[in-house]
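For reference, entry-v6.txt is printed below; it contains compact mmCIF, C-alpha atoms.
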```
# COMPACT_ATOMS: atom_id res chain seq x y z
CA MET C 1 -6.74 -218.86 -2.76
CA ILE C 2 -6.41 -221.54 -5.51
CA ILE C 3 -3.43 -219.85 -7.18
CA ASP C 4 -1.43 -219.90 -3.94
CA GLU C 5 -1.72 -223.69 -3.75
CA CYS C 6 -0.53 -224.44 -7.30
CA ILE C 7 2.87 -225.70 -8.42
CA ASP C 8 2.42 -224.57 -12.04
CA ILE C 9 0.51 -221.33 -12.82
CA ARG C 10 -0.10 -220.63 -16.50
CA LEU C 11 -1.37 -217.51 -18.23
CA LEU C 12 -3.65 -218.81 -20.98
CA ASP C 13 -5.11 -217.25 -24.09
CA ALA C 14 -8.74 -218.02 -24.97
CA THR C 15 -7.93 -220.92 -27.30
CA GLN C 16 -5.79 -222.59 -24.63
CA TYR C 17 -8.51 -222.13 -22.01
CA TRP C 18 -11.16 -223.76 -24.16
CA PHE C 19 -8.75 -226.56 -25.05
CA TRP C 20 -8.35 -227.45 -21.37
CA ASP C 21 -12.08 -227.01 -20.78
CA ALA C 22 -12.81 -229.61 -23.46
CA TYR C 23 -9.83 -231.85 -22.67
CA PHE C 24 -11.28 -233.46 -19.51
CA GLY C 25 -12.30 -230.12 -18.04
CA VAL C 26 -11.37 -227.28 -15.71
CA THR C 27 -12.49 -226.90 -12.10
CA GLU C 28 -12.57 -224.56 -9.11
CA ILE C 29 -13.39 -221.69 -11.45
CA THR C 30 -13.36 -218.24 -9.87
CA ASP C 31 -13.86 -214.91 -11.65
CA LEU C 32 -11.78 -212.14 -10.11
CA GLY C 33 -12.17 -208.75 -11.78
CA SER C 34 -11.00 -209.05 -15.38
CA GLU C 35 -9.55 -212.54 -14.91
CA ARG C 36 -10.81 -216.10 -14.51
CA ILE C 37 -8.69 -218.45 -12.44
CA GLY C 38 -9.03 -222.17 -11.92
CA ARG C 39 -7.44 -225.59 -12.02
CA VAL C 40 -7.00 -228.21 -14.77
CA VAL C 41 -8.87 -231.43 -13.93
CA ILE C 42 -6.40 -233.83 -15.55
CA ASP C 43 -3.51 -232.38 -13.51
CA PRO C 44 -4.58 -230.54 -10.32
CA ASN C 45 -1.06 -229.10 -9.97
CA ILE C 46 -1.71 -226.89 -13.00
CA CYS C 47 -3.60 -223.67 -12.32
CA PHE C 48 -4.36 -220.92 -14.81
CA ARG C 49 -5.32 -217.31 -15.32
CA VAL C 50 -7.13 -216.03 -18.40
CA LEU C 51 -8.66 -212.69 -19.36
CA ARG C 52 -12.44 -213.09 -19.21
CA ILE C 53 -13.12 -210.68 -22.08
CA ARG C 54 -11.32 -213.04 -24.50
CA LEU C 55 -13.59 -215.96 -23.64
CA ASP C 56 -16.53 -214.50 -25.58
CA ASP C 57 -14.78 -215.13 -28.92
CA LEU C 58 -16.58 -218.14 -30.45
CA ASN C 59 -13.78 -218.73 -32.97
CA SER C 60 -11.32 -219.20 -30.11
CA LYS C 61 -13.73 -221.62 -28.45
CA THR C 62 -14.11 -223.56 -31.70
CA ARG C 63 -10.33 -223.75 -32.14
CA GLY C 64 -9.79 -224.87 -28.55
CA TYR C 65 -12.44 -227.58 -28.73
CA ARG C 66 -11.13 -228.82 -32.08
CA LEU C 67 -7.64 -229.10 -30.59
CA ALA C 68 -9.09 -231.13 -27.73
CA VAL C 69 -10.73 -233.54 -30.18
CA GLU C 70 -7.34 -234.00 -31.89
CA GLU C 71 -5.72 -234.92 -28.58
CA LEU C 72 -8.57 -237.10 -27.31
CA LEU C 73 -8.53 -239.17 -30.50
CA LYS C 74 -4.95 -240.19 -29.66
CA TRP C 75 -6.25 -241.96 -26.55
CA VAL C 76 -8.93 -244.00 -28.30
CA THR C 77 -8.03 -247.65 -28.96
CA ASN C 78 -9.83 -250.62 -30.49
CA GLU C 79 -8.07 -253.46 -28.69
CA SER C 80 -8.33 -254.47 -25.07
CA GLY C 81 -5.20 -253.84 -23.03
CA PRO C 82 -4.10 -253.18 -19.47
CA ASP C 83 -6.82 -251.77 -17.23
CA SER C 84 -5.22 -248.31 -17.26
CA GLU C 85 -5.23 -248.19 -21.09
CA GLU C 86 -8.86 -249.33 -21.27
CA SER C 87 -9.81 -246.72 -18.68
CA ASN C 88 -8.04 -243.93 -20.60
CA SER C 89 -9.69 -245.00 -23.86
CA SER C 90 -13.11 -245.13 -22.21
CA MET C 91 -12.68 -241.66 -20.67
CA ALA C 92 -11.57 -240.25 -24.02
CA ARG C 93 -14.61 -241.76 -25.76
CA ASP C 94 -16.93 -240.30 -23.13
CA GLN C 95 -15.37 -236.87 -23.48
CA LEU C 96 -15.50 -237.01 -27.28
CA ALA C 97 -19.18 -237.92 -27.13
CA LYS C 98 -19.82 -235.03 -24.74
CA ILE C 99 -18.13 -232.35 -26.89
CA THR C 100 -19.16 -233.62 -30.36
CA GLY C 101 -22.47 -235.46 -29.83
CA GLN C 102 -21.02 -238.45 -31.73
CA GLN C 103 -20.52 -242.03 -30.58
CA PHE C 104 -18.51 -244.54 -32.61
CA ARG C 105 -17.22 -248.01 -31.78
CA SER C 106 -13.94 -248.02 -33.69
CA VAL C 107 -10.97 -245.71 -34.08
CA ASP C 108 -11.42 -245.80 -37.87
CA GLU C 109 -15.00 -244.53 -37.57
CA TRP C 110 -13.88 -241.67 -35.33
CA VAL C 111 -11.03 -240.68 -37.64
CA ALA C 112 -13.22 -240.89 -40.77
CA TRP C 113 -15.87 -238.66 -39.17
CA TRP C 114 -13.26 -236.17 -37.96
CA ASN C 115 -11.45 -235.92 -41.29
CA THR C 116 -14.75 -235.36 -43.10
CA ASN C 117 -16.21 -232.78 -40.75
CA GLU C 118 -13.44 -230.98 -38.85
CA ASP C 119 -13.38 -227.88 -41.08
CA PHE C 120 -17.14 -227.49 -40.68
CA LEU C 121 -17.39 -227.90 -36.90
CA GLY C 122 -18.25 -224.84 -34.87
CA TRP C 123 -19.28 -224.18 -31.28
CA SER C 124 -23.06 -224.24 -30.85
CA GLU C 125 -24.43 -222.23 -27.94
CA ASP C 126 -27.79 -224.01 -28.27
CA LEU C 127 -26.31 -227.53 -28.14
CA GLU C 128 -23.40 -226.57 -25.87
CA ARG C 129 -20.97 -228.58 -27.96
CA LEU C 130 -19.29 -228.68 -31.35
CA ALA C 131 -21.76 -229.18 -34.20
CA VAL C 132 -21.44 -229.60 -37.95
CA ASP C 133 -22.60 -226.62 -40.00
CA ALA C 134 -24.43 -228.47 -42.78
CA GLU C 135 -24.54 -225.47 -45.11
CA ALA C 136 -20.79 -224.89 -44.83
CA ARG C 137 -20.12 -228.57 -45.48
CA ARG C 138 -22.34 -228.61 -48.59
CA ALA C 139 -20.52 -225.53 -49.91
CA GLY C 140 -17.09 -226.94 -48.98
CA THR C 141 -16.30 -223.67 -47.17
CA PRO C 142 -14.40 -223.97 -43.84
CA LEU C 143 -16.15 -222.18 -40.98
CA LEU C 144 -13.07 -220.33 -39.79
CA ASP C 145 -11.71 -217.68 -42.14
CA ASP C 146 -8.07 -218.19 -41.16
CA VAL C 147 -7.06 -220.86 -43.68
CA MET C 148 -3.41 -220.24 -44.51
CA MET C 149 -2.25 -220.30 -48.11
CA LEU C 150 1.19 -221.90 -48.04
CA GLY C 151 3.98 -221.64 -50.59
CA ALA C 152 5.77 -224.82 -51.64
CA GLU C 153 8.96 -224.06 -49.69
CA GLU C 154 6.92 -223.30 -46.56
CA TYR C 155 4.97 -226.55 -46.98
CA TRP C 156 8.10 -228.69 -47.17
CA PHE C 157 9.68 -226.86 -44.24
CA TYR C 158 6.65 -227.56 -42.03
CA GLU C 159 6.45 -231.12 -43.33
CA GLY C 160 10.13 -231.63 -42.53
CA ARG C 161 9.60 -230.32 -39.00
CA GLY C 162 6.72 -232.78 -38.49
CA TRP C 163 4.13 -230.05 -38.01
CA LEU C 164 1.60 -231.08 -40.68
CA SER C 165 -1.35 -233.40 -40.09
CA ARG C 166 -4.50 -234.59 -41.90
CA VAL C 167 -2.91 -233.82 -45.27
CA GLN C 168 -5.22 -234.78 -48.13
CA LEU C 169 -5.90 -233.93 -51.75
CA ALA C 170 -9.08 -231.89 -52.25
CA GLY C 171 -9.66 -230.99 -55.88
CA ASP C 172 -6.82 -228.79 -57.11
CA TYR C 173 -5.56 -228.23 -53.57
CA VAL C 174 -3.76 -230.13 -50.86
CA ARG C 175 -5.35 -229.30 -47.51
CA GLY C 176 -4.54 -230.10 -43.90
CA ALA C 177 -3.59 -228.69 -40.53
CA LEU C 178 -0.45 -227.01 -39.31
CA LEU C 179 -0.20 -227.89 -35.64
CA MET C 180 2.08 -225.91 -33.33
CA PRO C 181 0.43 -226.59 -29.95
CA PRO C 182 -1.70 -225.11 -28.66
CA GLN C 183 -2.44 -223.34 -31.96
CA LEU C 184 -3.95 -225.15 -34.93
CA TYR C 185 -3.98 -223.53 -38.36
CA ASN C 186 -5.80 -224.91 -41.37
CA PHE C 187 -3.86 -224.57 -44.61
CA ARG C 188 -4.12 -225.22 -48.29
CA ILE C 189 -1.75 -225.14 -51.25
CA ARG C 190 -2.25 -225.79 -54.93
CA ALA C 191 -1.23 -229.40 -55.56
CA GLU C 192 0.79 -228.50 -58.66
CA GLU C 193 3.09 -226.29 -56.57
CA LEU C 194 4.34 -229.35 -54.69
CA GLU C 195 5.90 -230.67 -57.89
CA ASP C 196 8.62 -228.00 -57.66
CA SER C 197 11.65 -230.04 -56.57
CA GLU C 198 13.84 -227.00 -55.89
CA ALA C 199 11.23 -225.64 -53.47
CA LYS C 200 11.18 -229.03 -51.72
CA ARG C 201 14.98 -229.04 -51.46
CA ALA C 202 14.97 -225.51 -50.00
CA GLY C 203 12.18 -226.36 -47.53
CA TYR C 204 13.92 -229.52 -46.33
CA LEU C 205 17.23 -227.68 -46.07
CA HIS C 206 15.61 -225.03 -43.88
CA ALA C 207 13.96 -227.76 -41.77
CA VAL C 208 17.28 -229.54 -41.16
CA GLN C 209 18.95 -226.25 -40.22
CA SER C 210 16.11 -225.43 -37.83
CA LEU C 211 16.15 -228.89 -36.23
CA ILE C 212 19.88 -228.56 -35.55
CA PHE C 213 20.18 -224.95 -34.44
CA ASP C 214 16.74 -224.33 -32.93
CA GLY C 215 16.44 -227.89 -31.63
CA LEU C 216 19.65 -229.73 -30.81
CA LEU C 217 21.46 -226.60 -29.63
CA SER C 218 18.74 -225.80 -27.11
CA PRO C 219 20.00 -226.76 -23.63
CA GLU C 220 16.42 -227.58 -22.60
CA LEU C 221 16.18 -230.34 -25.23
CA GLN C 222 16.73 -233.62 -23.41
CA GLY C 223 15.52 -237.22 -23.30
CA THR C 224 12.74 -238.27 -25.64
CA ASN C 225 12.42 -234.78 -27.15
CA ARG C 226 16.07 -234.88 -28.17
CA ASP C 227 15.65 -238.41 -29.56
CA SER C 228 12.64 -237.24 -31.58
CA VAL C 229 14.62 -234.39 -33.17
CA ILE C 230 17.47 -236.75 -34.07
CA GLU C 231 14.95 -239.19 -35.57
CA MET C 232 13.53 -236.42 -37.78
CA LEU C 233 17.04 -235.37 -38.83
CA SER C 234 17.87 -238.96 -39.75
CA HIS C 235 14.67 -239.24 -41.77
CA LEU C 236 15.46 -236.06 -43.72
CA THR C 237 19.14 -236.81 -44.34
CA GLY C 238 19.79 -240.52 -43.99
CA GLN C 239 22.47 -239.75 -41.38
CA SER C 240 22.56 -241.35 -37.93
CA PHE C 241 24.68 -239.20 -35.63
CA ASP C 242 24.04 -239.40 -31.89
CA THR C 243 25.60 -236.15 -30.66
CA ARG C 244 24.98 -232.46 -31.18
CA ASN C 245 28.58 -231.83 -32.20
CA ALA C 246 28.48 -234.56 -34.84
CA TRP C 247 25.37 -233.05 -36.44
CA ILE C 248 26.85 -229.55 -36.41
CA SER C 249 30.12 -230.78 -37.93
CA TRP C 250 28.24 -232.64 -40.65
CA TRP C 251 26.07 -229.59 -41.41
CA ASP C 252 29.02 -227.20 -41.58
CA GLY C 253 30.86 -229.46 -44.00
CA ASN C 254 27.97 -230.46 -46.25
CA HIS C 255 24.95 -228.14 -46.23
CA LYS C 256 25.96 -226.33 -49.43
CA ARG C 257 26.07 -229.66 -51.29
CA LEU C 258 22.76 -231.11 -50.09
CA ARG C 259 20.38 -232.11 -52.87
CA LEU C 260 17.21 -234.19 -53.08
CA THR C 261 17.66 -237.90 -53.75
CA PRO C 262 16.26 -239.07 -57.14
CA GLY C 263 12.97 -240.09 -55.55
CA GLY C 264 12.75 -236.82 -53.61
CA GLU C 265 12.35 -238.58 -50.23
CA ARG C 266 15.24 -236.89 -48.45
CA LEU C 267 18.41 -234.82 -48.78
CA ALA C 268 21.78 -236.33 -49.65
CA VAL C 269 25.28 -234.90 -50.12
CA GLN C 270 26.06 -234.31 -53.78
CA GLN C 271 29.36 -235.97 -54.63
CA ARG C 272 32.09 -233.74 -56.01
```
If you took the structure in this file and wrote it as structure tokens, what would it be?
Amino acid sequence: MIIDECIDIRLLDATQYWFWDAYFGVTEITDLGSERIGRVVIDPNICFRVLRIRLDDLNSKTRGYRLAVEELLKWVTNESGPDSEESNSSMARDQLAKITGQQFRSVDEWVAWWNTNEDFLGWSEDLERLAVDAEARRAGTPLLDDVMMLGAEEYWFYEGRGWLSRVQLAGDYVRGALLMPPQLYNFRIRAEELEDSEAKRAGYLHAVQSLIFDGLLSPELQGTNRDSVIEMLSHLTGQSFDTRNAWISWWDGNHKRLRLTPGGERLAVQQR
């Protein structure tokens, strides 16, 4: 059986399954009772199980395919490079064309189309791909009804953690995506709420605390992931410590005196 041959066996939800289906595909699919099992094309060592009943949810399929577009766009390049990079870019373009029906020459064209239409893309059974709902786009109403309304402190926390993308002003609101793979949540917040400097300070403070205690203190955090967390901490605080203990010591001695800098770009220790 497929599962017996796999190094990594993952239990997926429906959104994750459709993400892998769109992101270069799944193979060796077998339906066994209430489950579907198979293998991920891009890494044959990864096998999966998913409950078949969940796969009928079109919203989950839309979310999964949208997530795949997000990831595939990261592979698309304009310039020529090593053969492996050109091959990856070409495969990503082919897959994007297959799941969206669109073909563009440049990265900028792809990004512009995606930013304009992402909220209005839904899975089409007739076309067997994502398609723009023209009526929803004319009305400016996102297809999925799970748009999160964020508060200002929440916004700045997520921004500090590096979890926001495609942030843009849309009328009286700031809209974008909150990405915590494999889940993608659309959000909006009234633009005027982001002018509250105390909410920004509180959100950044929470983000720094989370990066230290939920990030650096995790024994699994190593290598580039650890470097990425330290880079975010440095961006939020202006500090440049290299060790976990140094960050904890700095936090313990200063977190009660952290305030926004005059320009509001980061936190700094208020002098006594």
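For the set C:Trp110, C:Phe48, C:Trp251, C:Phe213, the residue with the smallest atom-to-atom gap to Asn78 in chain C is C:Trp110, counting all atoms listed in the file.
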Could you give me, as a CSV table (one decimal) with C-alpha atoms, in the coordinates of the input, the residues that sit within 10 Å of (-6.7, -217.2, -21.9) in the file's coordinates, counting only C-alpha atoms?
```csv
chain,number,residue,atom,x,y,z
C,10,ARG,CA,-0.1,-220.6,-16.5
C,11,LEU,CA,-1.4,-217.5,-18.2
C,12,LEU,CA,-3.6,-218.8,-21.0
C,13,ASP,CA,-5.1,-217.2,-24.1
C,14,ALA,CA,-8.7,-218.0,-25.0
C,15,THR,CA,-7.9,-220.9,-27.3
C,16,GLN,CA,-5.8,-222.6,-24.6
C,17,TYR,CA,-8.5,-222.1,-22.0
C,18,TRP,CA,-11.2,-223.8,-24.2
C,35,GLU,CA,-9.6,-212.5,-14.9
C,36,ARG,CA,-10.8,-216.1,-14.5
C,37,ILE,CA,-8.7,-218.4,-12.4
C,48,PHE,CA,-4.4,-220.9,-14.8
C,49,ARG,CA,-5.3,-217.3,-15.3
C,50,VAL,CA,-7.1,-216.0,-18.4
C,51,LEU,CA,-8.7,-212.7,-19.4
C,52,ARG,CA,-12.4,-213.1,-19.2
C,53,ILE,CA,-13.1,-210.7,-22.1
C,54,ARG,CA,-11.3,-213.0,-24.5
C,55,LEU,CA,-13.6,-216.0,-23.6
C,60,SER,CA,-11.3,-219.2,-30.1
```
Mind giving me the axis-aligned box for range 254-269 of chain C with 4 Å on every side, centre plus edges in Å to one decimal, as lines of an AutoDock Vina configuration file?
```
center_x = 20.2
center_y = -233.2
center_z = -51.7
size_x = 23.6
size_y = 21.8
size_z = 18.9
```
Inset, instruction - Skip Met149 in chain C itself and residues of its chain fewer than 3 positions away, then list as a list in words all residues within 12 Å of it, counting all atoms listed in the file. - result: Asp145, Asp146, Ala152, Glu153, Glu154, Tyr155, Tyr173, Val174, Arg175, Gly176, Ala177, Leu178, Tyr185, Asn186, Phe187, Arg188, Ile189, Arg190, Ala191 and Glu193 of chain C
Legend entry - d(CA of Arg257 in chain C, CA of Tyr158 in chain C) in Å: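 Here the two named atoms are 21.6 Å from each other.
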Inset, instruction - Tell me which protein, DNA and RNA residues are within 7 Å of range 67-74 of chain C, counting all atoms listed in the file, leaving out same-chain ones fewer than 3 positions away, and put them as a ChimeraX atom specification. - result: /C:19,22-23,63-64,92,96,184
Legend entry - Nearest candidate to Pro219 in chain C (options C:Ala202, C:Val41, C:Arg244, C:Glu265; using only C-alpha atoms): C:Arg244
Legend entry - Nearest residue to Gly122 in chain C from the set C:Arg93, C:Arg259, C:Arg137, C:His206 (distances using all atoms listed in the file):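 So, comparing all the options, the nearest one is C:Arg137.
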Legend entry - Protein/DNA/RNA residues near (13.6, -226.2, -53.3), cut 12 Å, only C-alpha atoms, as a PyMOL selection string: chain C and resi 151-157+193-207+258-260+264+266-267
Inset, instruction - Would you list the contacts of Asn225 in chain C as a list in words, taking every protein, DNA or RNA residue within 10 Å and counting only C-alpha atoms, but skipping same-chain residues closer than 5 positions in sequence? - result: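 What passes the distance filter is Gly215, Leu216, Glu220, Ile230 and Glu231 of chain C.
Distances here use only C-alpha atoms; by that measure, the residue among C:Gln209, C:Ser228, C:Thr141, C:Ser124 closest to Leu58 in chain C is C:Ser124.
Across the model, the gap from CA of Glu5 in chain C to CA of Thr27 in chain C is 14.0 Å.
By chain and then residue number, the residues within 10 Å of Met91 in chain C are Phe24, Leu72, Trp75, Val76, Glu85 and Ala97 of chain C, counting all atoms listed in the file and disregarding those fewer than 6 positions away in sequence.
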Given the selection you just returned, output its residues as a file containing C-alpha atoms, formatted as a compact mmCIF listing (two decimals), in the frame of the given file.
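Result file is result_21.txt:
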```
# COMPACT_ATOMS: atom_id res chain seq x y z
CA PHE C 24 -11.28 -233.46 -19.51
CA LEU C 72 -8.57 -237.10 -27.31
CA TRP C 75 -6.25 -241.96 -26.55
CA VAL C 76 -8.93 -244.00 -28.30
CA GLU C 85 -5.23 -248.19 -21.09
CA ALA C 97 -19.18 -237.92 -27.13
```
Inset, instruction - Work out how far CA of Asp21 in chain C is from CA of Asp43 in chain C, in Å to one decimal. - result: 12.5 Å
Inset, instruction - Go through C:Tyr65, C:Leu127, C:Ala268, C:Leu121 and flag the residue nearest Gln95 in chain C, using only C-alpha atoms for the distances. - result: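 Going through C:Tyr65, C:Leu127, C:Ala268, C:Leu121 one by one, the smallest distance to Gln95 in chain C is for C:Tyr65.
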Coords for range 48-134 of chain C, C-alpha atoms, as a PDB file, in the first residue's frame:
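New file decode_7.pdb:
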```
ATOM      1  CA  PHE C  48      -1.415  12.018   2.937  1.00  0.00           C
ATOM      2  CA  ARG C  49      -4.793  10.995   4.276  1.00  0.00           C
ATOM      3  CA  VAL C  50      -7.884  13.192   4.080  1.00  0.00           C
ATOM      4  CA  LEU C  51     -11.554  12.648   4.884  1.00  0.00           C
ATOM      5  CA  ARG C  52     -13.411  12.407   1.574  1.00  0.00           C
ATOM      6  CA  ILE C  53     -16.594  14.043   2.881  1.00  0.00           C
ATOM      7  CA  ARG C  54     -14.688  17.312   3.458  1.00  0.00           C
ATOM      8  CA  LEU C  55     -13.571  17.521  -0.170  1.00  0.00           C
ATOM      9  CA  ASP C  56     -17.047  18.518  -1.379  1.00  0.00           C
ATOM     10  CA  ASP C  57     -16.761  21.949   0.281  1.00  0.00           C
ATOM     11  CA  LEU C  58     -16.158  24.411  -2.586  1.00  0.00           C
ATOM     12  CA  ASN C  59     -15.004  27.146  -0.201  1.00  0.00           C
ATOM     13  CA  SER C  60     -12.203  24.879   1.017  1.00  0.00           C
ATOM     14  CA  LYS C  61     -11.249  24.148  -2.582  1.00  0.00           C
ATOM     15  CA  THR C  62     -11.221  27.862  -3.395  1.00  0.00           C
ATOM     16  CA  ARG C  63      -9.028  28.606  -0.368  1.00  0.00           C
ATOM     17  CA  GLY C  64      -6.616  25.794  -1.197  1.00  0.00           C
ATOM     18  CA  TYR C  65      -6.249  26.842  -4.829  1.00  0.00           C
ATOM     19  CA  ARG C  66      -5.783  30.489  -3.860  1.00  0.00           C
ATOM     20  CA  LEU C  67      -3.006  29.478  -1.456  1.00  0.00           C
ATOM     21  CA  ALA C  68      -1.346  27.553  -4.282  1.00  0.00           C
ATOM     22  CA  VAL C  69      -1.425  30.637  -6.515  1.00  0.00           C
ATOM     23  CA  GLU C  70       0.278  32.617  -3.726  1.00  0.00           C
ATOM     24  CA  GLU C  71       3.077  30.051  -3.522  1.00  0.00           C
ATOM     25  CA  LEU C  72       3.461  29.554  -7.276  1.00  0.00           C
ATOM     26  CA  LEU C  73       3.848  33.296  -7.832  1.00  0.00           C
ATOM     27  CA  LYS C  74       6.986  33.180  -5.660  1.00  0.00           C
ATOM     28  CA  TRP C  75       8.627  30.935  -8.257  1.00  0.00           C
ATOM     29  CA  VAL C  76       7.928  33.155 -11.257  1.00  0.00           C
ATOM     30  CA  THR C  77      10.876  35.255 -12.445  1.00  0.00           C
ATOM     31  CA  ASN C  78      11.449  37.706 -15.292  1.00  0.00           C
ATOM     32  CA  GLU C  79      15.182  37.297 -15.784  1.00  0.00           C
ATOM     33  CA  SER C  80      17.062  34.358 -17.207  1.00  0.00           C
ATOM     34  CA  GLY C  81      19.162  32.458 -14.691  1.00  0.00           C
ATOM     35  CA  PRO C  82      20.592  29.005 -14.066  1.00  0.00           C
ATOM     36  CA  ASP C  83      18.776  26.215 -15.878  1.00  0.00           C
ATOM     37  CA  SER C  84      17.173  24.993 -12.644  1.00  0.00           C
ATOM     38  CA  GLU C  85      15.711  28.455 -11.898  1.00  0.00           C
ATOM     39  CA  GLU C  86      14.366  28.819 -15.444  1.00  0.00           C
ATOM     40  CA  SER C  87      12.833  25.349 -15.217  1.00  0.00           C
ATOM     41  CA  ASN C  88      11.146  26.135 -11.880  1.00  0.00           C
ATOM     42  CA  SER C  89       9.797  29.428 -13.223  1.00  0.00           C
ATOM     43  CA  SER C  90       8.489  27.733 -16.358  1.00  0.00           C
ATOM     44  CA  MET C  91       6.757  24.984 -14.350  1.00  0.00           C
ATOM     45  CA  ALA C  92       5.176  27.576 -12.061  1.00  0.00           C
ATOM     46  CA  ARG C  93       3.879  29.554 -15.049  1.00  0.00           C
ATOM     47  CA  ASP C  94       2.407  26.406 -16.583  1.00  0.00           C
ATOM     48  CA  GLN C  95       0.691  25.484 -13.337  1.00  0.00           C
ATOM     49  CA  LEU C  96      -0.643  29.016 -12.840  1.00  0.00           C
ATOM     50  CA  ALA C  97      -2.074  28.978 -16.353  1.00  0.00           C
ATOM     51  CA  LYS C  98      -3.704  25.607 -15.682  1.00  0.00           C
ATOM     52  CA  ILE C  99      -5.437  26.638 -12.435  1.00  0.00           C
ATOM     53  CA  THR C 100      -6.350  30.245 -13.351  1.00  0.00           C
ATOM     54  CA  GLY C 101      -6.751  30.262 -17.158  1.00  0.00           C
ATOM     55  CA  GLN C 102      -4.402  33.277 -17.310  1.00  0.00           C
ATOM     56  CA  GLN C 103      -1.087  33.673 -19.120  1.00  0.00           C
ATOM     57  CA  PHE C 104       1.189  36.660 -18.536  1.00  0.00           C
ATOM     58  CA  ARG C 105       4.765  37.348 -19.581  1.00  0.00           C
ATOM     59  CA  SER C 106       6.004  39.332 -16.587  1.00  0.00           C
ATOM     60  CA  VAL C 107       5.911  38.985 -12.822  1.00  0.00           C
ATOM     61  CA  ASP C 108       4.366  42.463 -12.555  1.00  0.00           C
ATOM     62  CA  GLU C 109       1.456  41.434 -14.796  1.00  0.00           C
ATOM     63  CA  TRP C 110       0.823  38.340 -12.696  1.00  0.00           C
ATOM     64  CA  VAL C 111       0.943  40.267  -9.417  1.00  0.00           C
ATOM     65  CA  ALA C 112      -1.303  43.057 -10.743  1.00  0.00           C
ATOM     66  CA  TRP C 113      -3.903  40.537 -11.934  1.00  0.00           C
ATOM     67  CA  TRP C 114      -3.766  38.620  -8.645  1.00  0.00           C
ATOM     68  CA  ASN C 115      -4.084  41.708  -6.440  1.00  0.00           C
ATOM     69  CA  THR C 116      -7.063  42.912  -8.474  1.00  0.00           C
ATOM     70  CA  ASN C 117      -8.951  39.641  -8.630  1.00  0.00           C
ATOM     71  CA  GLU C 118      -7.968  37.384  -5.720  1.00  0.00           C
ATOM     72  CA  ASP C 119     -10.989  38.209  -3.539  1.00  0.00           C
ATOM     73  CA  PHE C 120     -13.331  37.429  -6.431  1.00  0.00           C
ATOM     74  CA  LEU C 121     -11.831  34.114  -7.546  1.00  0.00           C
ATOM     75  CA  GLY C 122     -13.834  30.980  -6.891  1.00  0.00           C
ATOM     76  CA  TRP C 123     -13.633  27.368  -7.999  1.00  0.00           C
ATOM     77  CA  SER C 124     -15.644  26.735 -11.166  1.00  0.00           C
ATOM     78  CA  GLU C 125     -16.867  23.173 -11.673  1.00  0.00           C
ATOM     79  CA  ASP C 126     -17.646  23.946 -15.327  1.00  0.00           C
ATOM     80  CA  LEU C 127     -14.175  25.318 -16.129  1.00  0.00           C
ATOM     81  CA  GLU C 128     -12.365  23.064 -13.644  1.00  0.00           C
ATOM     82  CA  ARG C 129     -10.221  25.938 -12.430  1.00  0.00           C
ATOM     83  CA  LEU C 130     -10.385  29.197 -10.516  1.00  0.00           C
ATOM     84  CA  ALA C 131     -12.475  31.836 -12.281  1.00  0.00           C
ATOM     85  CA  VAL C 132     -13.323  35.466 -11.584  1.00  0.00           C
ATOM     86  CA  ASP C 133     -16.903  36.088 -10.486  1.00  0.00           C
ATOM     87  CA  ALA C 134     -17.616  39.239 -12.507  1.00  0.00           C
TER      88      ALA C 134
END
```
